[in-house]
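The file my_file_33.tsv comes next; it holds TSV, C-alpha atoms.
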chain	number	residue	atom	x	y	z
O	39	MET	CA	-11.99	-34.27	-7.85
O	40	ASP	CA	-15.13	-34.67	-5.71
O	41	THR	CA	-17.35	-31.80	-4.54
O	42	ASP	CA	-15.84	-31.61	-1.05
O	43	GLN	CA	-12.31	-31.37	-2.43
O	44	GLN	CA	-13.40	-28.65	-4.86
O	45	ASP	CA	-15.02	-26.70	-2.03
O	46	ARG	CA	-11.87	-26.84	0.10
O	47	SER	CA	-9.45	-25.76	-2.61
O	48	ILE	CA	-8.48	-22.09	-2.70
O	49	LEU	CA	-7.71	-20.78	-6.18
O	50	LYS	CA	-7.01	-17.15	-5.24
O	51	GLU	CA	-7.43	-14.91	-2.21
O	52	GLY	CA	-6.80	-11.30	-1.30
O	53	PHE	CA	-8.30	-7.90	-0.50
O	54	LEU	CA	-10.95	-6.28	-2.68
O	55	VAL	CA	-13.25	-3.33	-1.95
O	56	LYS	CA	-16.92	-4.29	-2.21
O	57	GLN	CA	-19.96	-2.06	-2.58
O	58	GLY	CA	-22.74	-2.83	-0.10
O	59	HIS	CA	-26.11	-4.05	-1.35
O	60	VAL	CA	-28.38	-2.12	1.03
O	61	VAL	CA	-26.22	0.90	1.90
O	62	HIS	CA	-24.10	1.57	-1.17
O	63	ASN	CA	-20.91	2.32	0.70
O	64	TRP	CA	-17.58	0.63	0.00
O	65	LYS	CA	-15.94	-1.77	2.44
O	66	VAL	CA	-12.68	-3.72	2.28
O	67	ARG	CA	-13.24	-7.47	2.41
O	68	TRP	CA	-11.00	-10.51	2.17
O	69	PHE	CA	-12.09	-12.61	-0.82
O	70	VAL	CA	-11.47	-16.32	-1.29
O	71	LEU	CA	-12.06	-17.89	-4.70
O	72	LYS	CA	-13.03	-21.55	-4.71
O	73	ALA	CA	-14.02	-23.97	-7.45
O	74	ASN	CA	-17.68	-22.96	-7.49
O	75	LYS	CA	-18.06	-19.75	-5.46
O	76	LEU	CA	-16.45	-16.58	-4.16
O	77	LEU	CA	-16.50	-16.08	-0.39
O	78	TYR	CA	-15.82	-12.81	1.42
O	79	TYR	CA	-14.86	-12.09	5.01
O	80	ARG	CA	-14.47	-9.12	7.32
O	81	TYR	CA	-10.89	-8.35	8.30
O	82	GLU	CA	-10.59	-6.64	11.66
O	83	GLY	CA	-7.84	-6.23	14.22
O	84	GLY	CA	-5.31	-7.58	11.76
O	85	LYS	CA	-7.17	-10.88	11.52
O	86	ARG	CA	-9.71	-12.42	9.19
O	87	ASP	CA	-13.04	-13.46	10.72
O	88	SER	CA	-13.46	-17.21	11.02
O	89	CYS	CA	-16.92	-17.11	9.41
O	90	HIS	CA	-17.49	-15.66	5.98
O	91	ARG	CA	-19.88	-12.73	5.58
O	92	GLY	CA	-21.26	-13.68	2.20
O	93	THR	CA	-21.12	-15.99	-0.79
O	94	ILE	CA	-21.23	-15.21	-4.51
O	95	PRO	CA	-22.27	-18.31	-6.50
O	96	LEU	CA	-20.33	-18.43	-9.75
O	97	ALA	CA	-22.34	-20.92	-11.81
O	98	GLY	CA	-23.77	-18.93	-14.73
O	99	CYS	CA	-22.12	-15.72	-13.52
O	100	GLU	CA	-21.48	-12.86	-15.93
O	101	ILE	CA	-18.26	-10.84	-15.57
O	102	THR	CA	-17.73	-7.30	-16.83
O	103	CYS	CA	-14.14	-6.09	-16.70
O	104	PRO	CA	-13.41	-3.24	-16.74
O	105	TYR	CA	-16.61	-1.74	-15.33
O	106	LEU	CA	-16.33	2.04	-15.74
O	107	GLU	CA	-19.62	3.39	-14.40
O	108	PHE	CA	-18.12	4.69	-11.11
O	109	GLU	CA	-16.47	8.05	-11.80
O	110	ASN	CA	-13.70	7.84	-9.18
O	111	ARG	CA	-13.28	4.06	-9.22
O	112	PRO	CA	-11.90	2.89	-12.58
O	113	LEU	CA	-10.54	-0.40	-11.16
O	114	VAL	CA	-13.92	-2.08	-10.62
O	115	LEU	CA	-15.16	-5.37	-12.04
O	116	ARG	CA	-18.81	-6.40	-11.95
O	117	LEU	CA	-20.19	-9.87	-11.26
O	118	LYS	CA	-23.81	-10.60	-12.17
O	119	SER	CA	-25.10	-13.87	-10.76
O	120	SER	CA	-27.51	-16.22	-12.48
O	121	SER	CA	-30.25	-14.68	-10.29
O	122	SER	CA	-29.31	-11.20	-11.69
O	123	GLU	CA	-27.79	-10.00	-8.40
O	124	GLU	CA	-24.90	-7.60	-9.02
O	125	TYR	CA	-21.62	-7.35	-7.12
O	126	PHE	CA	-19.15	-4.51	-7.63
O	127	LEU	CA	-15.55	-5.26	-6.59
O	128	GLU	CA	-12.57	-2.88	-6.75
O	129	ALA	CA	-8.93	-4.01	-6.94
O	130	CYS	CA	-5.80	-2.04	-6.07
O	131	SER	CA	-4.44	-2.03	-9.63
O	132	ARG	CA	-5.42	-2.89	-13.19
O	133	GLU	CA	-3.16	-5.93	-13.15
O	134	GLU	CA	-4.75	-7.27	-9.96
O	135	ARG	CA	-8.26	-6.54	-11.22
O	136	ASP	CA	-7.62	-8.35	-14.50
O	137	GLU	CA	-6.07	-11.30	-12.68
O	138	TRP	CA	-9.18	-11.67	-10.51
O	139	ALA	CA	-11.40	-11.43	-13.60
O	140	THR	CA	-9.39	-14.07	-15.43
O	141	GLU	CA	-9.41	-16.48	-12.48
O	142	ILE	CA	-13.15	-16.03	-11.89
O	143	LEU	CA	-13.88	-16.49	-15.60
O	144	ALA	CA	-11.95	-19.78	-15.56
O	145	VAL	CA	-14.10	-21.00	-12.67
O	146	VAL	CA	-17.32	-19.98	-14.46
O	147	GLN	CA	-16.23	-21.79	-17.61
O	148	ASN	CA	-15.33	-24.95	-15.67
O	149	LEU	CA	-18.77	-24.94	-14.07
O	150	HIS	CA	-20.51	-24.72	-17.44
O	151	PRO	CA	-21.39	-28.22	-18.69
O	152	GLY	CA	-20.75	-27.18	-22.29
O	153	GLY	CA	-17.11	-26.36	-21.58
O	154	ALA	CA	-15.52	-23.09	-22.63
O	155	ASN	CA	-17.36	-19.95	-23.73
O	156	PRO	CA	-20.58	-20.24	-21.72
O	157	PRO	CA	-23.14	-17.73	-23.04
O	158	CYS	CA	-23.54	-15.81	-19.76
O	159	ALA	CA	-19.92	-15.71	-18.62
O	160	HIS	CA	-17.56	-13.26	-20.27
O	161	VAL	CA	-14.80	-10.79	-19.60
O	162	ARG	CA	-15.29	-7.86	-21.92
O	163	LYS	CA	-12.60	-8.25	-24.53
O	164	GLY	CA	-12.31	-4.51	-24.74
O	165	SER	CA	-9.99	-4.81	-21.75
O	166	LYS	CA	-6.72	-4.58	-23.61
O	167	SER	CA	-4.80	-4.89	-20.34
O	168	LEU	CA	-5.74	-8.58	-20.42
O	169	GLN	CA	-3.88	-8.85	-23.72
O	170	LEU	CA	-0.98	-6.41	-23.25
O	171	HIS	CA	0.68	-8.49	-20.55
O	172	ASN	CA	3.99	-6.60	-20.64
O	173	ILE	CA	2.43	-3.13	-20.41
O	174	ASN	CA	1.54	-1.46	-17.12
O	175	LEU	CA	-1.23	0.93	-18.13
O	176	SER	CA	-1.09	2.74	-14.79
O	177	GLN	CA	2.56	3.66	-15.38
O	178	VAL	CA	1.83	4.70	-18.97
O	179	VAL	CA	-0.83	7.16	-17.84
O	180	ASP	CA	1.34	8.43	-14.96
O	181	SER	CA	4.02	9.18	-17.57
O	182	MET	CA	1.50	10.90	-19.81
O	183	TYR	CA	0.50	13.10	-16.84
O	184	ASP	CA	4.11	14.07	-16.10
O	185	VAL	CA	4.46	17.86	-15.93
O	186	HIS	CA	7.85	17.88	-17.66
O	187	SER	CA	7.91	14.95	-20.09
O	188	GLY	CA	4.22	14.10	-20.46
O	189	ILE	CA	1.94	14.75	-23.39
O	190	LYS	CA	1.15	18.41	-23.98
O	191	MET	CA	-2.47	19.55	-23.76
O	192	SER	CA	-3.92	22.55	-25.59
O	193	SER	CA	-7.14	23.92	-27.05
O	194	HIS	CA	-8.37	22.66	-30.43
O	195	VAL	CA	-11.20	23.75	-32.73
O	196	GLU	CA	-13.23	21.18	-34.66
O	197	GLN	CA	-16.17	22.19	-36.86
O	198	GLY	CA	-16.67	25.42	-34.95
O	199	SER	CA	-16.51	23.84	-31.46
O	200	THR	CA	-13.58	24.53	-29.11
O	201	TYR	CA	-12.19	21.73	-26.93
O	202	ILE	CA	-9.81	22.65	-24.10
O	203	ASN	CA	-7.14	20.57	-22.34
O	204	CYS	CA	-7.03	17.95	-25.06
O	205	PHE	CA	-4.60	16.42	-27.55
O	206	SER	CA	-4.79	14.78	-30.97
O	207	GLY	CA	-4.62	11.08	-31.70
O	208	SER	CA	-1.44	11.46	-33.73
O	209	ALA	CA	0.16	13.40	-30.84
O	210	VAL	CA	-0.51	10.44	-28.53
O	211	VAL	CA	0.99	8.00	-31.05
O	212	ASP	CA	4.02	10.27	-31.56
O	213	TRP	CA	4.55	10.48	-27.79
O	214	LEU	CA	4.25	6.72	-27.20
O	215	VAL	CA	6.81	6.00	-29.92
O	216	PHE	CA	9.16	8.80	-28.77
O	217	MET	CA	9.03	7.51	-25.18
O	218	GLN	CA	9.79	3.98	-26.50
O	219	LEU	CA	6.58	2.62	-25.01
O	220	ALA	CA	5.78	1.29	-28.48
O	221	LEU	CA	8.15	0.32	-31.27
O	222	THR	CA	5.88	1.18	-34.19
O	223	ARG	CA	2.88	3.40	-34.80
O	224	VAL	CA	0.71	0.29	-35.15
O	225	GLU	CA	1.78	-0.86	-31.67
O	226	ALA	CA	1.17	2.66	-30.36
O	227	VAL	CA	-2.40	2.64	-31.72
O	228	THR	CA	-3.03	-0.71	-30.00
O	229	LEU	CA	-1.72	0.69	-26.70
O	230	ALA	CA	-3.71	3.91	-27.11
O	231	SER	CA	-6.85	1.85	-27.81
O	232	ALA	CA	-6.27	0.03	-24.52
O	233	LEU	CA	-6.01	3.36	-22.70
O	234	LEU	CA	-9.23	4.48	-24.36
O	235	ASP	CA	-11.09	1.29	-23.51
O	236	GLU	CA	-9.83	1.30	-19.91
O	237	GLY	CA	-11.25	4.78	-19.37
O	238	CYS	CA	-7.85	6.46	-18.99
O	239	VAL	CA	-8.47	8.74	-21.97
O	240	ARG	CA	-11.74	9.65	-23.68
O	241	ALA	CA	-12.83	10.81	-27.10
O	242	VAL	CA	-13.94	14.45	-27.07
O	243	GLY	CA	-14.14	15.56	-30.71
O	244	ILE	CA	-16.71	14.67	-33.34
O	245	LYS	CA	-14.36	12.48	-35.37
O	246	SER	CA	-12.97	10.53	-32.38
O	247	VAL	CA	-16.40	10.00	-30.79
O	248	GLU	CA	-17.76	8.69	-34.11
O	249	ALA	CA	-14.81	6.28	-34.38
O	250	VAL	CA	-15.56	4.84	-30.94
O	251	ARG	CA	-19.19	4.31	-31.85
O	252	ASN	CA	-18.69	2.73	-35.26
O	253	ALA	CA	-15.19	1.29	-35.62
O	254	ALA	CA	-14.02	-2.25	-34.94
O	255	LEU	CA	-12.29	-2.86	-31.63
O	256	GLY	CA	-8.70	-2.48	-32.83
O	257	GLU	CA	-9.54	0.68	-34.80
O	258	GLN	CA	-11.28	2.72	-32.09
O	259	PHE	CA	-8.30	5.03	-31.53
O	260	LEU	CA	-7.38	7.16	-34.52
O	261	ASP	CA	-3.80	8.08	-35.45
O	262	ASP	CA	-5.08	11.37	-36.82
O	263	SER	CA	-4.11	14.99	-36.11
O	264	THR	CA	-7.78	16.04	-36.24
O	265	ALA	CA	-9.13	13.32	-33.89
O	266	LEU	CA	-9.27	14.78	-30.37
O	267	TYR	CA	-8.90	13.09	-26.98
O	268	SER	CA	-8.44	14.12	-23.35
O	269	PHE	CA	-7.77	12.49	-20.01
O	270	ALA	CA	-10.96	10.91	-18.68
O	271	GLU	CA	-12.54	12.29	-15.51
O	272	SER	CA	-12.85	8.73	-14.22
O	273	PHE	CA	-9.06	8.46	-14.06
O	274	LYS	CA	-8.78	11.18	-11.42
O	275	LYS	CA	-8.12	8.46	-8.91
O	276	ARG	CA	-5.91	7.72	-5.94
O	277	GLY	CA	-2.36	7.51	-7.27
O	278	SER	CA	-2.92	9.88	-10.19
O	279	VAL	CA	-0.35	12.67	-10.10
O	280	LYS	CA	-2.37	15.50	-11.63
O	281	ALA	CA	-5.50	14.74	-9.65
O	282	GLU	CA	-3.55	15.12	-6.41
O	283	LYS	CA	-0.88	17.70	-7.18
O	284	SER	CA	-2.72	20.41	-5.26
O	285	LEU	CA	-1.93	18.50	-2.05
O	286	SER	CA	1.82	18.55	-2.56
O	287	ALA	CA	3.37	19.06	-5.96
O	288	VAL	CA	6.69	17.66	-4.75
O	289	GLU	CA	5.84	14.52	-2.79
O	290	LEU	CA	3.10	13.41	-5.18
O	291	SER	CA	5.11	14.01	-8.36
O	292	GLY	CA	7.16	10.80	-8.10
O	293	ARG	CA	6.69	7.85	-10.40
O	294	VAL	CA	4.45	5.14	-8.96
O	295	GLN	CA	6.52	2.02	-8.19
O	296	LYS	CA	4.07	-0.22	-6.38
O	297	ARG	CA	0.43	-0.30	-5.20
O	298	GLY	CA	-1.43	-2.66	-2.92
O	299	TYR	CA	-3.67	-3.22	0.07
O	300	LEU	CA	-1.90	-3.47	3.44
O	301	LEU	CA	-3.01	-3.19	7.07
O	302	LYS	CA	-1.70	-0.27	9.11
O	303	GLN	CA	-1.82	0.29	12.87
O	304	GLY	CA	-3.20	3.70	13.84
O	305	HIS	CA	-1.02	6.07	15.87
O	306	LYS	CA	-3.66	7.18	18.40
O	307	ILE	CA	-6.28	4.45	18.77
O	308	LYS	CA	-3.84	1.70	17.70
O	309	ASN	CA	-6.51	-0.11	15.71
O	310	TRP	CA	-5.72	-1.89	12.44
O	311	LYS	CA	-7.24	-0.71	9.16
O	312	VAL	CA	-6.80	-1.82	5.56
O	313	ARG	CA	-5.33	0.97	3.46
O	314	LEU	CA	-4.37	1.33	-0.18
O	315	PHE	CA	-0.62	2.01	-0.22
O	316	VAL	CA	1.10	3.76	-3.15
O	317	LEU	CA	4.90	3.78	-3.30
O	318	ARG	CA	6.53	6.60	-5.28
O	319	ALA	CA	10.12	7.32	-6.32
O	320	GLU	CA	11.98	10.60	-6.91
O	321	PRO	CA	11.13	11.68	-4.28
O	322	GLY	CA	10.59	8.53	-2.25
O	323	PHE	CA	7.21	8.59	-0.49
O	324	LEU	CA	4.78	5.97	0.72
O	325	HIS	CA	1.22	7.34	0.72
O	326	TYR	CA	-1.82	5.55	2.06
O	327	TYR	CA	-5.50	6.04	1.26
O	328	ASP	CA	-8.81	5.01	2.77
O	329	PRO	CA	-10.25	2.66	0.09
O	330	SER	CA	-13.78	3.02	1.47
O	331	LYS	CA	-13.85	6.67	0.37
O	332	ASP	CA	-13.87	8.22	-3.09
O	333	ASP	CA	-11.44	10.90	-1.85
O	334	ILE	CA	-8.34	11.08	-4.05
O	335	THR	CA	-6.34	12.81	-1.29
O	336	PRO	CA	-4.03	10.55	0.77
O	337	ALA	CA	-4.97	9.90	4.38
O	338	GLY	CA	-1.27	10.18	5.15
O	339	GLY	CA	2.24	9.86	3.79
O	340	ILE	CA	5.68	8.65	4.86
O	341	SER	CA	8.83	10.33	3.60
O	342	LEU	CA	11.29	7.51	2.91
O	343	ARG	CA	14.44	9.61	2.95
O	344	GLY	CA	16.73	8.22	5.65
O	345	CYS	CA	14.07	5.87	7.03
O	346	LEU	CA	14.65	2.34	8.30
O	347	VAL	CA	12.47	-0.59	7.26
O	348	SER	CA	12.68	-4.02	8.85
O	349	SER	CA	10.79	-7.28	9.05
O	350	LEU	CA	9.31	-8.21	12.42
O	351	ASP	CA	9.53	-11.66	13.97
O	352	ASP	CA	6.49	-13.85	13.42
O	353	ASN	CA	6.99	-15.51	16.83
O	354	GLY	CA	5.00	-13.61	19.44
O	355	ILE	CA	3.61	-10.08	19.35
O	356	PRO	CA	6.36	-7.49	18.66
O	357	SER	CA	6.85	-4.53	20.97
O	358	GLY	CA	4.68	-1.59	19.94
O	359	VAL	CA	2.03	-3.75	18.29
O	360	LYS	CA	-1.40	-3.68	19.91
O	361	GLY	CA	-3.71	-6.68	19.86
O	362	LYS	CA	-3.08	-10.27	18.90
O	363	VAL	CA	-1.68	-9.39	15.52
O	364	GLN	CA	0.96	-11.81	14.30
O	365	GLY	CA	2.61	-12.68	11.03
O	366	ASN	CA	3.82	-10.78	7.97
O	367	LEU	CA	4.57	-7.59	9.94
O	368	PHE	CA	7.16	-4.97	9.14
O	369	LYS	CA	8.09	-1.62	10.62
O	370	ILE	CA	9.15	1.71	9.14
O	371	ILE	CA	11.04	4.21	11.32
O	372	THR	CA	11.31	7.72	9.87
O	373	GLN	CA	14.05	10.29	10.36
O	374	THR	CA	11.83	11.94	12.97
O	375	ASP	CA	11.68	8.61	14.88
O	376	ARG	CA	8.03	7.96	14.07
O	377	HIS	CA	7.18	4.26	13.97
O	378	TYR	CA	4.74	2.73	11.47
O	379	PHE	CA	3.60	-0.87	11.92
O	380	ILE	CA	2.29	-2.52	8.75
O	381	GLN	CA	1.00	-6.00	7.98
O	382	ALA	CA	1.00	-7.63	4.55
O	383	PRO	CA	-1.47	-10.39	3.57
O	384	THR	CA	1.34	-12.89	2.89
O	385	ARG	CA	5.02	-13.31	3.69
O	386	GLN	CA	5.93	-12.97	0.01
O	387	GLU	CA	4.12	-9.63	-0.24
O	388	LYS	CA	5.81	-8.45	2.95
O	389	MET	CA	9.27	-9.18	1.54
O	390	GLU	CA	8.39	-7.56	-1.81
O	391	TRP	CA	7.27	-4.36	-0.07
O	392	ILE	CA	10.36	-4.26	2.17
O	393	GLU	CA	12.65	-4.70	-0.83
O	394	ALA	CA	10.85	-2.01	-2.86
O	395	ILE	CA	10.93	0.49	0.05
O	396	LYS	CA	14.60	-0.14	0.81
O	397	LYS	CA	15.51	0.86	-2.74
O	398	LEU	CA	14.09	4.34	-2.06
O	399	THR	CA	15.49	5.03	1.40
If you took the structure in this file and wrote it as structure tokens, what would it be?
Amino acid sequence: MDTDQQDRSILKEGFLVKQGHVVHNWKVRWFVLKANKLLYYRYEGGKRDSCHRGTIPLAGCEITCPYLEFENRPLVLRLKSSSSEEYFLEACSREERDEWATEILAVVQNLHPGGANPPCAHVRKGSKSLQLHNINLSQVVDSMYDVHSGIKMSSHVEQGSTYINCFSGSAVVDWLVFMQLALTRVEAVTLASALLDEGCVRAVGIKSVEAVRNAALGEQFLDDSTALYSFAESFKKRGSVKAEKSLSAVELSGRVQKRGYLLKQGHKIKNWKVRLFVLRAEPGFLHYYDPSKDDITPAGGISLRGCLVSSLDDNGIPSGVKGKVQGNLFKIITQTDRHYFIQAPTRQEKMEWIEAIKKLT
């Protein structure tokens, strides 16, 4: 394949939230991965700009995934270019973040003349979610947070120090096996190590902290009644039940079914904004968040009980839609006759969201 063909080919595209270089705020951008670079665009009025806003060269790029230095943003990956410029990108879920990291890593490796394993391109292998393909870590932690069936927290004393709101390593392993999230204790330790490495839980006692510092990767989490752990502060994130339960214990207590970036038309100004949508069941709610803010409180929510959801025709601009927004639109009408107009990035994503919402109405 010649250079022009490589430049034209699109390997992956979608929304990510990017931290600015000058002003360190977070903005949603549309990213396009090509064979030698990552382009990003503004997305306004339901449409992507024709000209890209920036380019990230991938030759010699270093990838860190997960990157856990942002307290309220545990879904970030970091790219460090060959010129040492850093880019911080946030995905809507761990699965999406890891998929981006894997795809970018493949590009970096292809650009390296020595083939695989270039010295400056790596995804941190501590990211167990890249290896546990059949495990949704977000759902595991949501289940652990569950008020009724989740893991029980209490105070523990270790060598004269008291640790509150924590649990032992063996309690985590017991719970994972009991909930059939792991078949054996060995599998449970592997899963718990992934939760530890992803920043979902953290070591708080002397024994557990020492294990993280000194043990081999697969042995970081201890199946031990005296090794203490707690939920990490960095996991108090949009979509986390306990972090948000003060808003509404009922509507935010449902199990997370689906997450993703969608565009929503405002009710007053009628402008289009990218929002992080979180779909919950029992009770059925669709909450949306402003991804540019660290706030873990939803910007709004839609009760799905008795609502109607339908796909809108791609031919022409549907009634009620402002601006020249076309394609991949759907509408939700609530019991109170409030209309929500939403646009998905692709037709496939639109149909997946409609199907998932219909199951909860």
Report as CSV: every residue of range 54-136 of chain O with an atom at most 8 Å from range 172-183 of chain O, its closest pair of atoms, and their distance in Å to one decimal, counting all atoms listed in the file, with rows sorted by chain and ascending residue number.
residue,atom,partner,partner_atom,distance
O:Ser131,CA,O:Ser176,CA,7.8
O:Arg132,CA,O:Ser176,CA,7.3
O:Glu133,CA,O:Asn174,CA,7.6
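Proximity of O:Ser349, O:Gln381, O:Ser330, O:Gln197 to Lys396 in chain O, computed with only C-alpha atoms, is greatest for O:Ser349.
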### Task
Go through O:Asp184, O:Glu236, O:Glu51, O:Glu387 and flag the residue nearest Ser291 in chain O, using only C-alpha atoms for the distances.
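Among the listed residues, O:Asp184 lies closest to Ser291 in chain O.
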Under the rule of at most 10 Å, produce a per-residue listing of range 73-116 of chain O near range 140-146 of chain O: chain, number, name, the closest pair of atoms, and the distance in Å, as a tab-separated table, using all atoms listed in the file.
residue	atom	partner	partner_atom	distance
O:Ala73	CA	O:Val145	CA	6.0
O:Asn74	CA	O:Val145	CA	6.6
O:Lys75	CA	O:Val145	CA	8.3
O:Leu76	CA	O:Ile142	CA	8.4
O:Pro95	CA	O:Val146	CA	9.5
O:Leu96	CA	O:Val146	CA	5.8
O:Ala97	CA	O:Val146	CA	5.8
O:Gly98	CA	O:Val146	CA	6.5
O:Cys99	CA	O:Val146	CA	6.5
O:Glu100	CA	O:Val146	CA	8.4
O:Ile101	CA	O:Leu143	CA	7.1
O:Cys103	CA	O:Thr140	CA	9.4
Is it possible to get the axis-aligned box enclosing range 262-267 of chain O (all listed atoms, 4 Å extra per side) as AutoDock Vina command-line options, with centre and edge lengths in Å rounded to one decimal?
--center_x -6.7 --center_y 13.7 --center_z -31.9 --size_x 13.2 --size_y 12.7 --size_z 17.8
Pick out the residues sitting within 10 Å of Ser88 in chain O, and hand them over as a PDB file with C-alpha atoms, in the frame of the given file; count all atoms listed in the file, and ignore anything fewer than 5 positions along from it in its own chain.
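Full text of around_4.pdb as output:
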ATOM      1  CA  TYR O  79     -14.860 -12.090   5.010  1.00  0.00           C
ATOM      2  CA  ARG O  80     -14.470  -9.120   7.320  1.00  0.00           C
ATOM      3  CA  TYR O  81     -10.890  -8.350   8.300  1.00  0.00           C
TER       4      TYR O  81
END
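If you measure from each of O:Gly52, O:Gly207, O:Gly237, O:Gly358 to Glu107 in chain O using all atoms listed in the file, the closest one turns out to be O:Gly237.
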### Message
Could you tell me how far CA of Gly243 in chain O sits from CA of Ser192 in chain O, in Å to one decimal place?
### Response
13.4 Å
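For the atom pair formed by CA of Glu137 in chain O and CA of Leu115 in chain O, the distance is 10.9 Å, given to one decimal.
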### Message
I'd like the neighbourhood of Gly344 in chain O as number ranges by chain, where a residue qualifies if any of its atoms comes within 7 Å (using only C-alpha atoms), though same-chain residues fewer than 5 positions away should be ignored.
### Response
O: 372-373, 399
### Message
Ranking O:Asp136, O:Asp351, O:Glu320, O:Glu225 by minimum distance to Arg293 in chain O and counting all atoms listed in the file, which one comes first?
### Response
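Selected residue with least distance to Arg293 in chain O: O:Glu320.
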### Message
If I take CA of Phe315 in chain O and CA of Leu106 in chain O, how far is one from the other in Å, to one decimal?
### Response
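Separation of CA of Phe315 in chain O and CA of Leu106 in chain O: 22.1 Å.
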### Message
Between O:Leu324, O:Phe216, O:Asn203, O:Ser47, which residue has the minimum interatomic distance to Lys296 in chain O, considering all atoms listed in the file?
### Response
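Of the candidates, the smallest distance to Lys296 in chain O is held by O:Leu324.
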#### Entry: Top pick for closest residue to Lys85 in chain O, considering O:Lys388, O:Arg67, O:Lys56, O:Arg111 and counting all atoms listed in the file
O:Arg67
#### Entry: Close residues, range 198-201 of chain O itself excluded, 9 Å, only C-alpha atoms, min 3 positions apart in chain, as a list in words
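Contacts, with the query itself left out: Ser192, Ser193, His194, Val195, Cys204, Val242, Gly243 and Leu266 of chain O.
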### Query
Can you list, as an MDAnalysis selection string, every protein, DNA or RNA residue that comes within 12 Å of Val215 in chain O when you count all atoms listed in the file, leaving out same-chain residues fewer than 4 positions away?
chainID O and resid 189 208:211 219:230
### Query
Near Lys306 in chain O, within 12 Å and counting all atoms listed in the file, which residues show up once chain neighbours fewer than 3 positions away are dropped, as a VMD selection string?
chain O and resid 303 309 to 310 360 378
All heavy atoms are what I want for range 295-299 of chain O; can you complete it accordingly and write them as an mmCIF file, keeping the file's coordinate frame?
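This went into rebuild-v1.cif:
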data_model
loop_
_atom_site.group_PDB
_atom_site.id
_atom_site.type_symbol
_atom_site.label_atom_id
_atom_site.label_comp_id
_atom_site.auth_asym_id
_atom_site.auth_seq_id
_atom_site.Cartn_x
_atom_site.Cartn_y
_atom_site.Cartn_z
ATOM 1 N N GLN O 295 5.732 3.245 -8.111
ATOM 2 C CA GLN O 295 6.520 2.020 -8.190
ATOM 3 C C GLN O 295 5.713 0.775 -7.819
ATOM 4 O O GLN O 295 5.950 -0.308 -8.353
ATOM 5 C CB GLN O 295 7.730 2.119 -7.245
ATOM 6 C CG GLN O 295 8.643 3.291 -7.504
ATOM 7 C CD GLN O 295 9.337 3.185 -8.848
ATOM 8 O OE1 GLN O 295 10.040 2.214 -9.128
ATOM 9 N NE2 GLN O 295 9.137 4.187 -9.691
ATOM 10 N N LYS O 296 4.784 0.954 -6.891
ATOM 11 C CA LYS O 296 4.070 -0.220 -6.380
ATOM 12 C C LYS O 296 2.774 0.238 -5.722
ATOM 13 O O LYS O 296 2.725 1.317 -5.121
ATOM 14 C CB LYS O 296 4.948 -0.978 -5.373
ATOM 15 C CG LYS O 296 4.406 -2.339 -4.927
ATOM 16 C CD LYS O 296 5.444 -3.057 -4.071
ATOM 17 C CE LYS O 296 4.929 -4.393 -3.556
ATOM 18 N NZ LYS O 296 4.622 -5.343 -4.645
ATOM 19 N N ARG O 297 1.728 -0.578 -5.830
ATOM 20 C CA ARG O 297 0.430 -0.300 -5.200
ATOM 21 C C ARG O 297 -0.077 -1.596 -4.583
ATOM 22 O O ARG O 297 0.189 -2.679 -5.103
ATOM 23 C CB ARG O 297 -0.602 0.172 -6.236
ATOM 24 C CG ARG O 297 -0.260 1.405 -7.007
ATOM 25 C CD ARG O 297 -1.167 1.532 -8.228
ATOM 26 N NE ARG O 297 -2.583 1.589 -7.857
ATOM 27 C CZ ARG O 297 -3.271 2.724 -7.743
ATOM 28 N NH1 ARG O 297 -2.680 3.882 -7.970
ATOM 29 N NH2 ARG O 297 -4.544 2.720 -7.424
ATOM 30 N N GLY O 298 -0.844 -1.466 -3.499
ATOM 31 C CA GLY O 298 -1.430 -2.660 -2.920
ATOM 32 C C GLY O 298 -2.135 -2.378 -1.616
ATOM 33 O O GLY O 298 -1.942 -1.324 -0.990
ATOM 34 N N TYR O 299 -2.968 -3.330 -1.194
ATOM 35 C CA TYR O 299 -3.670 -3.220 0.070
ATOM 36 C C TYR O 299 -2.829 -3.824 1.193
ATOM 37 O O TYR O 299 -2.369 -4.972 1.102
ATOM 38 C CB TYR O 299 -5.018 -3.953 0.009
ATOM 39 C CG TYR O 299 -6.009 -3.327 -0.937
ATOM 40 C CD1 TYR O 299 -6.605 -4.072 -1.952
ATOM 41 C CD2 TYR O 299 -6.365 -1.987 -0.818
ATOM 42 C CE1 TYR O 299 -7.529 -3.507 -2.815
ATOM 43 C CE2 TYR O 299 -7.280 -1.407 -1.679
ATOM 44 C CZ TYR O 299 -7.853 -2.173 -2.676
ATOM 45 O OH TYR O 299 -8.765 -1.597 -3.529
#
